[in-house]
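Peer 1: Handing over final29.cif, mmCIF, C-alpha atoms and all ligand atoms.
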data_start
loop_
_atom_site.label_atom_id
_atom_site.label_comp_id
_atom_site.auth_asym_id
_atom_site.auth_seq_id
_atom_site.Cartn_x
_atom_site.Cartn_y
_atom_site.Cartn_z
CA MET A 1395 14.10 -4.98 -10.55
CA ILE A 1396 13.07 -1.86 -12.44
CA MET A 1397 13.88 1.30 -10.51
CA VAL A 1398 12.11 4.54 -11.25
CA ASN A 1399 13.76 7.60 -9.85
CA ASN A 1400 11.37 10.45 -10.23
CA TRP A 1401 8.87 9.37 -7.61
CA ARG A 1402 10.44 11.13 -4.69
CA HIS A 1403 9.02 14.42 -5.94
CA VAL A 1404 5.54 13.15 -5.29
CA VAL A 1405 5.63 13.39 -1.55
CA GLU A 1406 6.47 16.84 -0.44
CA CYS A 1407 4.94 19.44 1.80
CA LYS A 1408 3.81 22.67 0.22
CA GLY A 1409 2.95 25.19 2.92
CA GLY A 1410 -0.14 27.41 2.76
CA SER A 1411 -2.23 29.10 5.35
CA VAL A 1412 -5.61 27.75 4.33
CA VAL A 1413 -5.20 24.67 2.20
CA LEU A 1414 -2.14 22.56 2.34
CA HIS A 1415 -1.27 20.38 -0.62
CA LEU A 1416 0.25 17.16 0.49
CA ALA A 1417 1.41 15.04 -2.39
CA GLU A 1418 -1.13 17.03 -4.38
CA ILE A 1419 -4.02 15.98 -2.18
CA LYS A 1420 -5.89 18.87 -0.66
CA VAL A 1421 -6.17 18.73 3.09
CA CYS A 1422 -8.11 21.56 4.66
CA THR A 1423 -6.60 22.93 7.83
CA LYS A 1424 -9.39 25.27 8.84
CA SER A 1425 -10.78 24.40 12.20
CA LYS A 1426 -14.45 24.88 11.30
CA LYS A 1427 -16.10 23.18 8.38
CA GLU A 1428 -18.26 26.24 7.65
CA ASP A 1429 -15.13 28.41 7.28
CA CYS A 1430 -14.11 26.54 4.19
CA ARG A 1431 -16.14 26.49 1.01
CA ASP A 1432 -13.91 24.03 -0.82
CA CYS A 1433 -13.72 21.01 1.37
CA SER A 1434 -14.83 19.38 4.59
CA SER A 1435 -12.58 19.85 7.57
CA ALA A 1436 -12.27 16.22 8.63
CA ALA A 1437 -10.30 13.86 6.45
CA ARG A 1438 -11.43 10.32 5.98
CA LEU A 1439 -8.01 8.77 6.42
CA GLU A 1440 -8.96 5.72 4.38
CA GLN A 1441 -9.67 8.00 1.39
CA LEU A 1442 -6.61 10.14 1.97
CA CYS A 1443 -4.24 7.16 2.28
CA SER A 1444 -5.70 5.50 -0.78
CA ASP A 1445 -5.52 8.72 -2.84
CA LEU A 1446 -1.95 9.18 -1.72
CA ALA A 1447 -0.93 5.64 -2.71
CA TRP A 1448 -2.85 6.01 -5.97
CA LEU A 1449 -1.16 9.29 -6.88
CA VAL A 1450 2.28 7.91 -6.08
CA ALA A 1451 1.57 4.89 -8.30
CA CYS A 1452 0.30 7.19 -11.07
CA ARG A 1453 3.29 9.48 -10.86
CA LEU A 1454 5.60 6.49 -10.88
CA GLY A 1455 3.86 4.45 -13.45
CA LEU A 1456 2.32 7.01 -15.76
CA ASP A 1457 4.10 10.24 -15.05
CA ASN A 1458 0.85 11.88 -13.98
CA TYR A 1459 -1.40 10.52 -16.70
CA GLU A 1460 -4.34 12.88 -16.67
CA GLY A 1461 -6.92 10.13 -16.05
CA CYS A 1462 -5.34 9.57 -12.64
CA GLY A 1463 -6.83 12.77 -11.30
CA ALA A 1464 -3.37 13.98 -10.36
CA GLU A 1465 -3.81 17.14 -12.40
CA THR A 1466 -6.61 18.24 -10.11
CA GLY A 1467 -4.68 17.20 -7.05
CA SER A 1468 -7.56 15.07 -5.90
CA GLY A 1469 -6.73 11.65 -7.24
CA SER A 1470 -10.38 11.36 -8.09
CA SER A 1471 -11.11 11.79 -11.78
CA ASP A 1472 -13.77 9.46 -13.22
CA THR A 1473 -11.07 7.12 -14.50
CA ALA A 1474 -9.34 7.13 -11.12
CA ARG A 1475 -12.58 6.37 -9.34
CA GLU A 1476 -13.49 3.56 -11.69
CA PHE A 1477 -10.03 2.06 -11.52
CA LYS A 1478 -9.91 2.15 -7.75
CA GLU A 1479 -13.33 0.55 -7.63
CA ILE A 1480 -12.04 -2.30 -9.80
CA VAL A 1481 -8.97 -2.82 -7.60
CA TRP A 1482 -11.13 -2.88 -4.47
CA GLY A 1483 -13.50 -5.32 -6.19
CA ILE A 1484 -10.60 -7.65 -6.97
CA MET A 1485 -9.34 -7.48 -3.38
CA GLU A 1486 -12.80 -8.18 -2.02
CA GLU A 1487 -13.41 -11.18 -4.28
CA ALA A 1488 -9.91 -12.55 -3.65
CA GLY A 1489 -10.47 -12.38 0.10
CA LYS A 1490 -13.74 -14.36 0.02
CA PRO A 1491 -13.57 -18.06 0.92
CA ASN A 1492 -14.30 -19.84 -2.36
CA LEU A 1493 -16.14 -23.17 -2.14
CA GLY A 1494 -14.37 -24.23 -5.33
CA ASP A 1495 -11.03 -24.19 -3.46
CA TYR A 1496 -12.31 -26.72 -0.94
CA PHE A 1497 -14.48 -28.87 -3.24
CA PRO A 1498 -12.71 -28.96 -6.62
CA VAL A 1499 -15.77 -30.50 -8.20
CA LEU A 1500 -17.53 -27.16 -7.70
CA ARG A 1501 -14.74 -25.14 -9.29
CA LYS A 1502 -16.22 -25.07 -12.78
CA LEU A 1503 -19.72 -24.42 -11.49
CA ASP A 1504 -18.53 -21.35 -9.59
CA PRO A 1505 -21.56 -21.42 -7.24
CA GLN A 1506 -20.74 -18.06 -5.60
CA GLY A 1507 -19.96 -16.33 -8.89
CA ILE A 1508 -16.49 -15.36 -7.64
CA ARG A 1509 -14.60 -16.47 -10.76
CA ARG A 1510 -17.14 -14.73 -12.99
CA ARG A 1511 -16.84 -11.43 -11.15
CA PHE A 1512 -13.07 -11.78 -11.01
CA ALA A 1513 -12.88 -12.29 -14.77
CA ASN A 1514 -15.08 -9.24 -15.28
CA TYR A 1515 -12.87 -7.04 -13.06
CA PHE A 1516 -9.70 -8.19 -14.80
CA MET A 1517 -11.19 -7.59 -18.26
CA ARG A 1518 -12.14 -4.04 -17.26
CA MET A 1519 -8.74 -3.42 -15.74
CA LEU A 1520 -6.85 -4.79 -18.73
CA GLY A 1521 -9.12 -2.73 -20.99
CA PHE A 1522 -8.10 0.44 -19.17
CA ILE A 1523 -4.42 -0.48 -19.14
CA GLY A 1524 -4.49 -1.56 -22.79
CA SER A 1525 -5.86 1.83 -23.84
CA VAL A 1526 -3.26 3.71 -21.76
CA VAL A 1527 -0.45 1.58 -23.25
CA ASN A 1528 -1.73 2.08 -26.80
CA GLU A 1529 -2.01 5.82 -26.22
CA ARG A 1530 1.61 5.87 -25.07
CA LEU A 1531 2.78 3.74 -28.01
CA GLU A 1532 1.14 6.25 -30.34
CA SER A 1533 2.77 9.22 -28.60
CA ARG A 1534 6.15 7.52 -28.80
CA LYS A 1535 5.89 7.47 -32.59
CA ALA A 1536 6.12 11.27 -32.71
CA HIS A 1537 9.64 12.35 -33.71
CA ASP A 1538 9.82 14.91 -30.91
CA TYR A 1539 8.68 12.47 -28.18
CA VAL A 1540 10.73 12.86 -25.03
CA THR A 1541 10.82 9.72 -22.90
CA SER A 1542 9.42 10.38 -19.44
CA ASN A 1543 11.30 7.62 -17.61
CA ASP A 1544 8.15 6.51 -15.88
CA MET A 1545 7.43 2.82 -15.36
CA LEU A 1546 5.40 2.47 -18.54
CA ASP A 1547 8.14 3.90 -20.76
CA THR A 1548 10.68 1.73 -18.95
CA LEU A 1549 8.64 -1.43 -19.55
CA ILE A 1550 8.03 -0.56 -23.19
CA ASN A 1551 11.76 0.12 -23.69
CA ILE A 1552 12.64 -3.26 -22.18
CA SER A 1553 10.04 -5.11 -24.20
CA GLN A 1554 11.32 -3.49 -27.39
CA GLU A 1555 14.96 -4.26 -26.58
CA LYS A 1556 14.40 -7.87 -25.53
CA THR A 1557 14.30 -10.51 -28.17
CA GLU A 1558 13.05 -13.29 -25.89
CA GLU A 1559 9.55 -14.33 -26.66
CA ASP A 1560 8.26 -13.79 -23.13
CA MET A 1561 9.16 -10.11 -23.05
CA ASN A 1562 8.52 -9.38 -26.69
CA ASN A 1563 4.80 -9.51 -26.28
CA SER A 1564 2.66 -6.45 -25.71
CA GLN A 1565 0.46 -8.37 -23.27
CA VAL A 1566 3.43 -8.80 -20.94
CA VAL A 1567 3.69 -5.04 -20.58
CA ASP A 1568 -0.04 -4.81 -19.84
CA HIS A 1569 0.13 -7.52 -17.19
CA LEU A 1570 3.30 -6.25 -15.54
CA PHE A 1571 1.80 -2.84 -15.43
CA LEU A 1572 -1.43 -4.13 -13.95
CA VAL A 1573 0.63 -5.46 -11.04
CA LEU A 1574 1.78 -2.03 -9.93
CA PHE A 1575 -1.80 -0.94 -9.45
CA ALA A 1576 -3.43 -4.18 -8.32
CA ALA A 1577 -0.78 -5.36 -5.87
CA GLY A 1578 0.69 -2.07 -4.77
CA ILE A 1579 -2.07 0.39 -3.95
CA ASP A 1580 -4.44 -1.31 -1.54
CA THR A 1581 -1.63 -2.92 0.46
CA THR A 1582 0.24 0.34 0.85
CA SER A 1583 -2.79 2.47 1.68
CA ALA A 1584 -4.16 -0.04 4.22
CA THR A 1585 -0.78 -0.10 6.00
CA LEU A 1586 -0.59 3.69 6.03
CA GLU A 1587 -4.09 4.00 7.46
CA TRP A 1588 -3.29 1.45 10.17
CA ALA A 1589 -0.08 3.28 11.06
CA MET A 1590 -2.01 6.53 11.44
CA ALA A 1591 -4.73 4.79 13.45
CA GLU A 1592 -2.18 3.27 15.84
CA LEU A 1593 -0.45 6.63 16.29
CA LEU A 1594 -3.74 8.35 17.10
CA HIS A 1595 -4.60 5.46 19.42
CA ASN A 1596 -1.18 5.78 21.11
CA PRO A 1597 -0.47 9.53 21.37
CA ASN A 1598 2.83 8.89 23.20
CA SER A 1599 4.20 7.07 20.19
CA LEU A 1600 3.02 9.91 17.94
CA SER A 1601 4.77 12.51 20.14
CA LYS A 1602 7.97 10.47 20.12
CA ALA A 1603 7.86 10.16 16.34
CA GLN A 1604 7.25 13.90 15.92
CA GLU A 1605 10.08 14.68 18.36
CA GLU A 1606 12.44 12.52 16.37
CA LEU A 1607 11.37 14.26 13.15
CA ASP A 1608 11.71 17.73 14.69
CA GLN A 1609 15.20 16.95 15.94
CA MET A 1610 16.55 15.11 12.94
CA ILE A 1611 14.79 16.94 10.11
CA GLY A 1612 12.87 20.01 11.34
CA LYS A 1613 9.13 20.71 11.46
CA GLY A 1614 7.34 20.72 8.10
CA LYS A 1615 10.59 20.43 6.13
CA PRO A 1616 10.44 18.75 2.69
CA ILE A 1617 10.83 15.02 2.53
CA GLU A 1618 14.05 13.38 1.39
CA GLU A 1619 14.33 9.68 0.83
CA SER A 1620 17.83 9.65 2.32
CA ASP A 1621 16.43 10.85 5.69
CA ILE A 1622 14.75 7.51 6.40
CA ALA A 1623 17.97 5.93 7.71
CA ARG A 1624 18.22 8.67 10.37
CA LEU A 1625 14.76 7.95 11.76
CA PRO A 1626 14.89 4.69 13.74
CA TYR A 1627 11.66 5.37 15.63
CA LEU A 1628 9.72 6.00 12.43
CA GLN A 1629 11.12 2.75 11.02
CA ALA A 1630 10.07 0.95 14.20
CA ILE A 1631 6.52 2.33 13.83
CA ILE A 1632 6.24 0.92 10.32
CA LYS A 1633 7.52 -2.48 11.48
CA GLU A 1634 5.15 -2.52 14.45
CA THR A 1635 2.27 -1.66 12.12
CA PHE A 1636 3.16 -4.62 9.90
CA TRP A 1637 3.44 -6.74 13.02
CA LEU A 1638 -0.08 -6.03 14.23
CA HIS A 1639 -1.75 -5.44 10.88
CA PRO A 1640 0.03 -7.30 8.09
CA ALA A 1641 -1.61 -6.05 4.89
CA VAL A 1642 -1.71 -9.55 3.37
CA PRO A 1643 -2.51 -11.61 6.48
CA LEU A 1644 -2.36 -15.06 4.83
CA LEU A 1645 0.37 -14.31 2.25
CA LEU A 1646 -0.19 -16.03 -1.10
CA PRO A 1647 -1.11 -19.72 -1.03
CA ARG A 1648 1.66 -22.29 -1.40
CA LYS A 1649 1.66 -25.98 -2.22
CA ALA A 1650 3.76 -28.60 -0.43
CA GLU A 1651 6.11 -30.24 -2.96
CA ILE A 1652 6.80 -33.21 -0.69
CA ASP A 1653 5.42 -34.58 2.60
CA VAL A 1654 6.79 -32.33 5.36
CA GLU A 1655 6.64 -32.69 9.14
CA ILE A 1656 6.16 -29.42 11.02
CA GLY A 1657 5.66 -29.33 14.79
CA GLY A 1658 4.59 -32.97 14.87
CA TYR A 1659 2.06 -32.58 12.04
CA ILE A 1660 2.45 -34.01 8.55
CA VAL A 1661 1.68 -31.60 5.74
CA PRO A 1662 1.07 -33.99 2.84
CA LYS A 1663 2.50 -33.48 -0.63
CA GLY A 1664 0.15 -31.37 -2.75
CA ALA A 1665 -1.59 -29.72 0.23
CA GLN A 1666 -2.35 -26.04 -0.09
CA VAL A 1667 -0.55 -24.11 2.66
CA LEU A 1668 -1.71 -20.76 4.00
CA VAL A 1669 0.79 -18.95 6.24
CA ASN A 1670 -1.08 -16.94 8.86
CA VAL A 1671 1.26 -14.00 9.41
CA TRP A 1672 -1.35 -12.18 11.47
CA ALA A 1673 -1.53 -15.04 14.00
CA ILE A 1674 2.27 -15.43 14.13
CA GLY A 1675 2.58 -11.83 15.36
CA ARG A 1676 -0.19 -12.23 17.93
CA ASP A 1677 1.11 -15.41 19.62
CA PRO A 1678 1.37 -14.69 23.38
CA GLY A 1679 3.49 -17.83 23.81
CA ILE A 1680 6.28 -16.19 21.86
CA TRP A 1681 5.93 -12.42 22.15
CA ASP A 1682 5.43 -10.05 25.08
CA ASN A 1683 2.23 -7.98 24.88
CA PRO A 1684 1.50 -9.19 21.35
CA ASP A 1685 -1.70 -7.15 20.99
CA SER A 1686 -0.20 -3.83 22.10
CA PHE A 1687 1.35 -1.24 19.81
CA ILE A 1688 4.94 -1.03 21.04
CA PRO A 1689 7.33 0.22 18.33
CA GLU A 1690 10.14 0.01 20.91
CA ARG A 1691 10.24 -3.76 20.40
CA PHE A 1692 11.96 -3.06 17.08
CA LEU A 1693 14.58 -0.69 18.45
CA ASP A 1694 18.02 -2.09 19.24
CA ASN A 1695 17.62 -5.28 17.27
CA GLN A 1696 18.16 -6.39 13.71
CA ILE A 1697 14.65 -7.69 12.98
CA ASP A 1698 13.53 -6.46 9.58
CA VAL A 1699 11.07 -7.31 6.83
CA MET A 1700 13.48 -8.98 4.41
CA ALA A 1701 12.55 -12.49 5.65
CA LYS A 1702 16.14 -13.43 6.46
CA THR A 1703 15.18 -14.52 9.98
CA PHE A 1704 11.41 -14.87 9.52
CA GLU A 1705 10.19 -13.08 12.70
CA LEU A 1706 8.46 -10.39 10.67
CA ILE A 1707 7.29 -11.41 7.20
CA PRO A 1708 4.59 -8.99 6.00
CA PHE A 1709 6.02 -9.24 2.47
CA GLY A 1710 6.23 -13.03 2.54
CA GLY A 1711 9.52 -14.77 1.91
CA GLY A 1712 11.52 -17.05 -0.32
CA ARG A 1713 11.23 -16.93 -4.07
CA ARG A 1714 7.78 -15.40 -3.92
CA ILE A 1715 8.69 -12.53 -1.62
CA CYS A 1716 6.89 -9.35 -2.65
CA PRO A 1717 8.83 -7.75 -5.52
CA GLY A 1718 7.40 -4.35 -4.51
CA LEU A 1719 9.05 -4.46 -1.07
CA PRO A 1720 11.74 -1.78 -1.60
CA LEU A 1721 9.25 0.58 -3.24
CA ALA A 1722 6.57 -0.02 -0.60
CA MET A 1723 8.98 0.57 2.28
CA ARG A 1724 10.14 3.88 0.89
CA MET A 1725 6.63 5.00 0.00
CA LEU A 1726 5.35 4.17 3.47
CA HIS A 1727 8.09 6.00 5.36
CA LEU A 1728 7.77 9.08 3.20
CA MET A 1729 3.98 9.20 3.28
CA LEU A 1730 3.69 8.60 7.02
CA ARG A 1731 6.36 11.13 7.70
CA SER A 1732 4.56 13.71 5.57
CA LEU A 1733 1.33 13.16 7.46
CA ILE A 1734 2.81 13.52 10.94
CA ASN A 1735 5.53 16.04 10.27
CA CYS A 1736 3.19 18.58 8.69
CA PHE A 1737 0.08 17.97 10.79
CA ASP A 1738 -1.28 17.23 14.19
CA TRP A 1739 -4.43 15.11 13.98
CA LYS A 1740 -7.62 15.48 15.96
CA LEU A 1741 -10.12 12.63 16.21
CA GLU A 1742 -13.69 13.48 15.17
CA ASP A 1743 -17.18 13.00 16.57
CA GLY A 1744 -16.21 12.83 20.23
CA VAL A 1745 -13.96 9.81 19.65
CA VAL A 1746 -10.91 9.69 21.95
CA PRO A 1747 -7.92 7.32 21.71
CA GLU A 1748 -9.43 4.94 24.27
CA THR A 1749 -12.72 4.60 22.36
CA MET A 1750 -11.28 4.15 18.86
CA ASN A 1751 -12.46 1.06 17.03
CA MET A 1752 -9.28 -0.85 16.19
CA GLU A 1753 -10.94 -3.97 14.81
CA ASP A 1754 -9.64 -5.60 11.66
CA LYS A 1755 -11.73 -6.41 8.61
CA PHE A 1756 -10.28 -9.47 6.92
CA GLY A 1757 -10.14 -9.73 3.14
CA LEU A 1758 -7.19 -10.40 0.86
CA THR A 1759 -5.86 -7.26 2.49
CA LEU A 1760 -6.44 -6.35 6.11
CA GLN A 1761 -8.49 -3.15 6.41
CA MET A 1762 -9.88 -1.22 9.37
CA ALA A 1763 -13.39 -2.39 10.24
CA GLN A 1764 -14.40 1.23 10.83
CA PRO A 1765 -12.65 3.82 8.66
CA LEU A 1766 -10.57 6.37 10.52
CA ILE A 1767 -11.74 9.98 10.45
CA ALA A 1768 -9.56 12.77 11.81
CA GLN A 1769 -8.99 16.45 11.30
CA PRO A 1770 -5.55 17.66 10.21
CA LEU A 1771 -4.24 20.73 12.04
CA LEU A 1772 -1.26 22.46 10.50
CA ARG A 1773 1.70 22.17 12.91
CA GLU A 1774 3.21 25.43 14.07
CA LEU A 1775 6.59 25.95 12.44
C1 LIG A 1801 2.66 -2.37 2.22
C2 LIG A 1801 2.83 -2.76 0.97
C3 LIG A 1801 2.88 -4.20 0.51
C4 LIG A 1801 2.73 -5.36 1.21
C5 LIG A 1801 2.49 -5.54 2.71
C6 LIG A 1801 2.88 -6.44 0.27
C7 LIG A 1801 2.81 -7.78 0.62
C8 LIG A 1801 2.90 -8.81 -0.28
C9 LIG A 1801 2.84 -10.20 0.08
C10 LIG A 1801 2.68 -10.76 1.48
C11 LIG A 1801 2.95 -10.92 -1.05
C12 LIG A 1801 2.96 -12.44 -1.14
C13 LIG A 1801 4.39 -12.93 -0.89
C14 LIG A 1801 4.46 -14.35 -0.40
O1 LIG A 1801 3.43 -15.03 -0.35
O2 LIG A 1801 5.57 -14.79 -0.06
C15 LIG A 1801 3.06 -9.99 -2.15
C16 LIG A 1801 3.16 -10.34 -3.47
C17 LIG A 1801 3.30 -9.45 -4.48
N1 LIG A 1801 3.45 -8.09 -4.39
FE1 LIG A 1801 3.37 -7.01 -2.69
N2 LIG A 1801 3.08 -5.92 -0.98
C18 LIG A 1801 3.09 -4.56 -0.89
C19 LIG A 1801 3.31 -3.64 -1.91
C20 LIG A 1801 3.56 -4.00 -3.22
C21 LIG A 1801 3.87 -3.07 -4.28
C22 LIG A 1801 4.02 -1.55 -4.09
C23 LIG A 1801 3.98 -3.81 -5.43
C24 LIG A 1801 4.30 -3.39 -6.83
C25 LIG A 1801 4.80 -2.27 -7.19
C26 LIG A 1801 3.76 -5.19 -5.08
C27 LIG A 1801 3.80 -6.25 -5.98
C28 LIG A 1801 3.59 -7.57 -5.64
C29 LIG A 1801 3.53 -8.66 -6.60
C30 LIG A 1801 3.65 -8.57 -8.10
C31 LIG A 1801 3.34 -9.84 -5.88
C32 LIG A 1801 3.14 -11.25 -6.42
C33 LIG A 1801 4.43 -12.04 -6.42
C34 LIG A 1801 4.14 -13.50 -6.81
O3 LIG A 1801 3.12 -13.80 -7.41
O4 LIG A 1801 4.96 -14.34 -6.50
N3 LIG A 1801 3.51 -5.26 -3.74
N4 LIG A 1801 3.05 -8.70 -1.66
#
If you took the structure in this file and wrote it as structure tokens, what would it be?
Ligand code: HEM

Peer 2:
Amino acid sequence: MIMVNNWRHVVECKGGSVVLHLAEIKVCTKSKKEDCRDCSSAARLEQLCSDLAWLVACRLGLDNYEGCGAETGSGSSDTAREFKEIVWGIMEEAGKPNLGDYFPVLRKLDPQGIRRRFANYFMRMLGFIGSVVNERLESRKAHDYVTSNDMLDTLINISQEKTEEDMNNSQVVDHLFLVLFAAGIDTTSATLEWAMAELLHNPNSLSKAQEELDQMIGKGKPIEESDIARLPYLQAIIKETFWLHPAVPLLLPRKAEIDVEIGGYIVPKGAQVLVNVWAIGRDPGIWDNPDSFIPERFLDNQIDVMAKTFELIPFGGGRRICPGLPLAMRMLHLMLRSLINCFDWKLEDGVVPETMNMEDKFGLTLQMAQPLIAQPLLREL
């Protein structure tokens, strides 16, 4: 696995009385919208979480490539917007039931146009990535080029060192790079938004998490990756969020290699198998209060997301387990911690915890049916 070490600088709190920069995203802390000329007072958490995940991916992958919008701190340059739109388009198409999957004879006809739109999105995405890679290859030719150690440089270095055919192909770099953005951003931002939604829906859990942070780290203190191990309640919140809202609810499809009997049913050789992780977590026959947000269920036990014991498998398992797992886990803990350690959050438009809409919207990734909107209030230090 390729490790990139400079990403931890992305998530840090920079204090300020009016506008607080969190991972370079501006969050206004003024209580009245009219007091602030620059931004609206309420944050659309969906946007904030997605910008945050996007900026982390950009910092990691492209060392703040200017098209990412990181230079403005908004994560919303034209390139960034277009790219995010493509990723969302891919997720939406991938989540739609495709008649061609059920009636192979229709596959070529593509009656819903899903394959056609998919191909179009991928072409656009590869076009963008190809131009970024070429730009980097050109810069690297300069004699005074200093390697930035971001993911792109790392991949190019590997591809130039390797003699095997499969790595010595510029397309491999493009496709590997595409993965960081396509597979890593939507999943991470949806999980972060759900975690925030559950904490606002369950203020006791939020208070407990903030208490733990205050005691172990200190209010508004900068984020260190090494702190995560000292925050069992925060870890339990992330696990509970995965439990109730697994970002990829059906994992990736599998195919039975042989006839298998499971629970009295025969799964015939060649059958496509979808693993419904969402339903596994919600089974009242197995779990107490499966629909309630109770992070405590993950305290004092060894259940984790590595799929060794299979209770909690939001990243899948076996040979196809998500390769981004270590990165995603660290990103999530650091981002969530930044959001709740620096701010208190106030729901908008008369919504109170009891009336929040916590419905899921199913696609390839599991999103909130109604985006979360809340106002960040700078926590007193
Ligand atoms: C909250 C964050 C994430 C979640 C919940 C998640 C979940 C998953 C799941 C469930 C799978 C399918 C595994 C299976 O079917 O067994 C998967 C595959 C994958 N994930 Fe993630 N992922 C996340 C973040 C990331 C990140 C940050 C990256 C890259 C940097 C990434 C890269 C991939 C790739 C490349 C695959 C495909 C592996 C294959 O085809 O076998 N993921 N992910």

Peer 1: Could you please extract the residues within 9 Å of ligand LIG 1801 (chain A), counting all atoms listed in the file, and hand them back as number ranges by chain?

Peer 2: A: 1447, 1451, 1570-1586, 1636, 1640-1648, 1668-1669, 1671, 1707-1723, 1725-1726, 1759

Peer 1: Show me as a PDB file with C-alpha atoms, in the coordinates of the input the residues that reach within 8 Å of (3.4, -7.4, 14.4), counting all atoms listed in the file and using the file's own coordinates.

Peer 2:
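Final output, result26.pdb:
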ATOM      1  CA  LYS A1633       7.520  -2.480  11.480  1.00  0.00           C
ATOM      2  CA  GLU A1634       5.150  -2.520  14.450  1.00  0.00           C
ATOM      3  CA  THR A1635       2.270  -1.660  12.120  1.00  0.00           C
ATOM      4  CA  PHE A1636       3.160  -4.620   9.900  1.00  0.00           C
ATOM      5  CA  TRP A1637       3.440  -6.740  13.020  1.00  0.00           C
ATOM      6  CA  LEU A1638      -0.080  -6.030  14.230  1.00  0.00           C
ATOM      7  CA  HIS A1639      -1.750  -5.440  10.880  1.00  0.00           C
ATOM      8  CA  PRO A1640       0.030  -7.300   8.090  1.00  0.00           C
ATOM      9  CA  TRP A1672      -1.350 -12.180  11.470  1.00  0.00           C
ATOM     10  CA  GLY A1675       2.580 -11.830  15.360  1.00  0.00           C
ATOM     11  CA  ARG A1676      -0.190 -12.230  17.930  1.00  0.00           C
ATOM     12  CA  PRO A1684       1.500  -9.190  21.350  1.00  0.00           C
ATOM     13  CA  LEU A1706       8.460 -10.390  10.670  1.00  0.00           C
TER      14      LEU A1706
END

Peer 1: For a test of reading the model, state the distance in Å between atom CA of A:Lys1755 and atom CA of A:Ser1686, rounded to one decimal.

Peer 2: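 If I compute the distance from atom CA of A:Lys1755 to atom CA of A:Ser1686, I get 17.9 Å.
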
Peer 1: Quick one: pull the distance between atom CA of A:Phe1756 and atom CA of A:Lys1490, Å, one decimal.

Peer 2: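 So the two atoms, atom CA of A:Phe1756 and atom CA of A:Lys1490, lie 9.1 Å apart.
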
Peer 1: State, in Å with one decimal place, the distance from atom CA of A:Asp1685 to atom CA of A:Pro1597.

Peer 2: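 Result for atom CA of A:Asp1685 versus atom CA of A:Pro1597: 16.7 Å, one decimal.
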
Peer 1: Please write as a list in words the list of polymer residues whose atoms come within 12 Å of (-0.9, -6.3, -16.8), counting only C-alpha atoms and keeping to the coordinates of the file.

Peer 2: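 The residues that fall inside the cut-off are Phe1516, Met1517, Arg1518, Met1519, Leu1520, Gly1521, Phe1522, Ile1523, Gly1524, Ser1525, Val1526, Val1527, Leu1546, Leu1549, Asn1563, Ser1564, Gln1565, Val1566, Val1567, Asp1568, His1569, Leu1570, Phe1571, Leu1572, Val1573, Leu1574, Phe1575, Ala1576 and Ala1577 of chain A.
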
Peer 1: Between A:Ile1622, A:Ala1589, A:Gln1666, A:Leu1758, which one has atoms that come closest to A:Pro1491, using all atoms listed in the file?

Peer 2: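 So, comparing all the options, the nearest one is A:Leu1758.
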
Peer 1: Could you give me, as a compact mmCIF listing (two decimals) with C-alpha atoms, in the coordinates of the input, the residues within 7 Å of stretch 1591-1596 of chain A, counting only C-alpha atoms and dropping anything in the same chain fewer than 3 positions from it?

Peer 2:
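What landed in part-v7.txt:
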# COMPACT_ATOMS: atom_id res chain seq x y z
CA GLU A 1587 -4.09 4.00 7.46
CA TRP A 1588 -3.29 1.45 10.17
CA SER A 1599 4.20 7.07 20.19
CA LEU A 1600 3.02 9.91 17.94
CA PHE A 1687 1.35 -1.24 19.81
CA PRO A 1747 -7.92 7.32 21.71
CA GLU A 1748 -9.43 4.94 24.27
CA MET A 1750 -11.28 4.15 18.86
CA LEU A 1766 -10.57 6.37 10.52

Peer 1: Using only C-alpha atoms for the distances, tell me which of A:Val1667, A:Leu1728, A:Ile1688, A:Leu1449 is nearest to A:Asp1621.

Peer 2: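 Looking only at the distances to A:Asp1621, the closest residue turns out to be A:Leu1728.
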
Peer 1: If you count only C-alpha atoms, which residues fall within 8 Å of A:Glu1487, apart from same-chain ones fewer than 2 positions away, as a list in words?

Peer 2: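 That gives Gly1483, Ile1484, Met1485, Gly1489, Lys1490, Ile1508, Arg1511 and Phe1512 of chain A.
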
Peer 1: Between A:Arg1773, A:Arg1501, A:Arg1691, A:Lys1613, which one has atoms that come closest to A:Lys1740, using all atoms listed in the file?

Peer 2: A:Arg1773

Peer 1: Select, from A:Ala1488, A:Ile1550, A:Met1545, A:Leu1628, the residue with the minimum atom-to-atom distance to A:Gly1455, counting only C-alpha atoms.

Peer 2: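 When distances to A:Gly1455 are compared using only C-alpha atoms, the smallest one comes from A:Met1545.
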
Peer 1: Just checking: using only C-alpha atoms, which residue out of A:Gly1657, A:Gly1612, A:Pro1765, A:Gly1664 ends up closest to A:Ser1444?

Peer 2: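 Once distances to A:Ser1444 are computed over only C-alpha atoms, the minimum belongs to A:Pro1765.
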
Peer 1: Check the smallest atom-to-atom distance from each of A:Gln1629, A:Glu1529, A:Trp1739, A:Met1752 to A:Leu1771 using only C-alpha atoms, then report the winner.

Peer 2: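 Result for the nearest residue to A:Leu1771: A:Trp1739.
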
Peer 1: Leaving out A:Gln1604 and any residue of its chain fewer than 3 positions from it, which residues lie within 8 Å of it when counting all atoms listed in the file, given as a list of chain:residue names?

Peer 2: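 The neighbour list is A:Leu1600, A:Ser1601, A:Leu1607, A:Asp1608, A:Ile1734, A:Asn1735.
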